[in-house]
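Participant: Structure below; questions to follow.
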Amino acid sequence: MLGSLALAQVPAPATPGQEPKVARPVVRLSFTERMKQYLQRTGATIDEAKSSAEMVVTNYPDPKGGKTTVVIVNDRRKNLLGFYIYNFGSVKSATNKEEVYKYLLSTNDAITIGSFFVDGEEDIGYKYLISSAQAMTQATFETIYTTMAAVARERKSEIRQLLAGNKDEKGPEVKKAAEEKPPEQD
């Protein structure tokens, strides 16, 4: 029996003029190593102190000098990879909660990927979930990551103005619709 196990590890016999074929071991990267690999091309950095084996905290540089923190979570139980952005504010003490919720819902209709939400602590977040059952390509990762960072950057000031109670400040879609004249009917 040991003889048959030993034979299983012997490379296939080579034909004259060819090297023997040896199976290369498949290298499985950990979740964190894979995220580091993906993030190299985005210009983002990883906050090692806040990251863990199943959660990577990243900082994406903002063209205006700030940064957007994107948290990437590997949920093995559900086979999901979650991208989360917070730091928009909280509706906990907002006097115009209904207006904020309406804005978040209308924003969800207008954005390409992900959705804004309010968590159990009444903090506003932005998330996108994708199946982790199949490997993700570098292009897919970059598209998700950079699109989410752009959406967060574009919407953050509007959300914060709403939370501050500035009722005159409406989203760009609302402003644009209000400024346009209705089509003339003949």
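By order of appearance in the structure tokens: chains A, B, ..., then residues from 1 within every chain, and ligands from 1 in the order shown.
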Near range 134-141 of chain A, within 9 Å and counting only C-alpha atoms, which residues show up once chain neighbours fewer than 4 positions away are dropped, as a count of residues only?

Facilitator: 6

Participant: Name the closest residue to Arg155 in chain A among the candidates A:Ile85, A:Ala133, A:Val118, A:Val71; distances are taken between atoms, counting only C-alpha atoms.

Facilitator: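 Counting only C-alpha atoms, the residue closest to Arg155 in chain A is A:Ile85.
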
Participant: How many Å lie between CA of Lys50 in chain A and CA of Glu33 in chain A, rounded to one decimal?

Facilitator: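 Going from CA of Lys50 in chain A over to CA of Glu33 in chain A covers 15.3 Å.
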
Participant: Show which residues sit within 12 Å of Asn87 in chain A, as a PDB file with N, CA and C atoms, in the first residue's frame. Count only C-alpha atoms, and ignore same-chain residues fewer than 5 positions away.

Facilitator:
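In the end it all went to selection-v2.pdb:
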```pdb
ATOM      1  N   LYS A  67      -9.887  61.430   2.783  1.00  0.00           N
ATOM      2  CA  LYS A  67      -9.819  59.992   2.529  1.00  0.00           C
ATOM      3  C   LYS A  67     -11.183  59.376   2.790  1.00  0.00           C
ATOM      4  N   THR A  68     -11.429  58.261   2.135  1.00  0.00           N
ATOM      5  CA  THR A  68     -12.654  57.495   2.334  1.00  0.00           C
ATOM      6  C   THR A  68     -12.245  56.156   2.923  1.00  0.00           C
ATOM      7  N   THR A  69     -12.850  55.793   4.046  1.00  0.00           N
ATOM      8  CA  THR A  69     -12.552  54.507   4.679  1.00  0.00           C
ATOM      9  C   THR A  69     -13.554  53.477   4.180  1.00  0.00           C
ATOM     10  N   VAL A  70     -13.036  52.435   3.549  1.00  0.00           N
ATOM     11  CA  VAL A  70     -13.855  51.338   3.040  1.00  0.00           C
ATOM     12  C   VAL A  70     -13.486  50.088   3.834  1.00  0.00           C
ATOM     13  N   VAL A  71     -14.490  49.459   4.429  1.00  0.00           N
ATOM     14  CA  VAL A  71     -14.272  48.231   5.187  1.00  0.00           C
ATOM     15  C   VAL A  71     -14.772  47.068   4.327  1.00  0.00           C
ATOM     16  N   PHE A 116     -27.551  52.828   0.300  1.00  0.00           N
ATOM     17  CA  PHE A 116     -27.424  53.495   1.590  1.00  0.00           C
ATOM     18  C   PHE A 116     -28.397  52.835   2.556  1.00  0.00           C
ATOM     19  N   VAL A 118     -29.516  52.620   7.125  1.00  0.00           N
ATOM     20  CA  VAL A 118     -29.368  53.106   8.494  1.00  0.00           C
ATOM     21  C   VAL A 118     -29.301  51.864   9.377  1.00  0.00           C
ATOM     22  N   GLU A 122     -28.501  53.730  14.313  1.00  0.00           N
ATOM     23  CA  GLU A 122     -28.989  54.878  13.557  1.00  0.00           C
ATOM     24  C   GLU A 122     -27.882  55.647  12.824  1.00  0.00           C
ATOM     25  N   ASP A 123     -26.782  54.958  12.535  1.00  0.00           N
ATOM     26  CA  ASP A 123     -25.719  55.544  11.725  1.00  0.00           C
ATOM     27  C   ASP A 123     -26.013  55.239  10.258  1.00  0.00           C
ATOM     28  N   ILE A 124     -25.681  56.182   9.386  1.00  0.00           N
ATOM     29  CA  ILE A 124     -25.897  55.998   7.956  1.00  0.00           C
ATOM     30  C   ILE A 124     -24.664  55.326   7.363  1.00  0.00           C
ATOM     31  N   GLY A 125     -24.910  54.315   6.559  1.00  0.00           N
ATOM     32  CA  GLY A 125     -23.824  53.612   5.889  1.00  0.00           C
ATOM     33  C   GLY A 125     -24.165  53.372   4.433  1.00  0.00           C
ATOM     34  N   TYR A 126     -23.177  52.887   3.719  1.00  0.00           N
ATOM     35  CA  TYR A 126     -23.313  52.580   2.297  1.00  0.00           C
ATOM     36  C   TYR A 126     -22.665  51.224   2.098  1.00  0.00           C
ATOM     37  N   ALA A 152     -19.678  57.704  -2.362  1.00  0.00           N
ATOM     38  CA  ALA A 152     -19.595  58.210  -0.984  1.00  0.00           C
ATOM     39  C   ALA A 152     -19.107  59.652  -0.967  1.00  0.00           C
ATOM     40  N   ARG A 153     -18.095  59.946  -1.756  1.00  0.00           N
ATOM     41  CA  ARG A 153     -17.544  61.296  -1.818  1.00  0.00           C
ATOM     42  C   ARG A 153     -18.586  62.286  -2.330  1.00  0.00           C
ATOM     43  N   ARG A 155     -21.924  62.027  -2.261  1.00  0.00           N
ATOM     44  CA  ARG A 155     -23.159  62.126  -1.464  1.00  0.00           C
ATOM     45  C   ARG A 155     -22.946  62.571  -0.028  1.00  0.00           C
ATOM     46  N   LYS A 156     -21.725  62.485   0.474  1.00  0.00           N
ATOM     47  CA  LYS A 156     -21.465  62.760   1.895  1.00  0.00           C
ATOM     48  C   LYS A 156     -21.909  64.156   2.311  1.00  0.00           C
ATOM     49  N   SER A 157     -21.544  65.186   1.540  1.00  0.00           N
ATOM     50  CA  SER A 157     -21.883  66.556   1.949  1.00  0.00           C
ATOM     51  C   SER A 157     -23.392  66.782   1.939  1.00  0.00           C
ATOM     52  N   ILE A 159     -25.741  64.529   2.477  1.00  0.00           N
ATOM     53  CA  ILE A 159     -26.306  63.825   3.628  1.00  0.00           C
ATOM     54  C   ILE A 159     -26.038  64.615   4.899  1.00  0.00           C
ATOM     55  N   ARG A 160     -24.835  65.115   5.049  1.00  0.00           N
ATOM     56  CA  ARG A 160     -24.490  65.881   6.260  1.00  0.00           C
ATOM     57  C   ARG A 160     -25.288  67.178   6.350  1.00  0.00           C
TER      58      ARG A 160
END
```

Participant: May I ask which of the residues A:Val22, A:Leu162, A:Leu29, A:Val73 is the closest one to Tyr128 in chain A, counting only C-alpha atoms?

Facilitator: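 Using only C-alpha atoms, the shortest distance to Tyr128 in chain A belongs to A:Val73.
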
Participant: Which polymer residues have any atom within 12 Å of an atom of Ala53 in chain A, counting only C-alpha atoms, with same-chain residues fewer than 5 positions away left out, as a PyMOL selection string?

Facilitator: chain A and resi 29-35+48+72-76

Participant: Report, in Å with one decimal, the straight-line distance from CA of Phe83 in chain A to CA of Asn108 in chain A.

Facilitator: 15.6 Å

Participant: Residues within 12 Å of Glu98 in chain A, please, as a PyMOL selection string. Count only C-alpha atoms; anything in the same chain fewer than 4 positions from it doesn't count.

Facilitator: chain A and resi 91-92+94+102-105+162-163+165+167

Participant: Rank nothing, just name the residue among A:Gln40, A:Phe88, A:Val151, A:Ala164 nearest to Asp62 in chain A, using only C-alpha atoms.

Facilitator: A:Val151

Participant: What is the distance between CA of Asn59 in chain A and CA of Ile46 in chain A, in Å to one decimal?

Facilitator: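 CA of Ile46 in chain A lies at a distance of 6.4 Å from CA of Asn59 in chain A.
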
Participant: Determine which residues of range 7-178 of chain A DSSP labels as helix (DSSP H, G or I) from the backbone of this structure, then write them out as a PyMOL selection string.

Facilitator: chain A and resi 7-8+31-39+97-110+138-163+172-178

Participant: Determine which residues of range 2-179 of chain A DSSP labels as strand (DSSP E) from the backbone of this structure, then write them out as a count of residues only.

Facilitator: 36
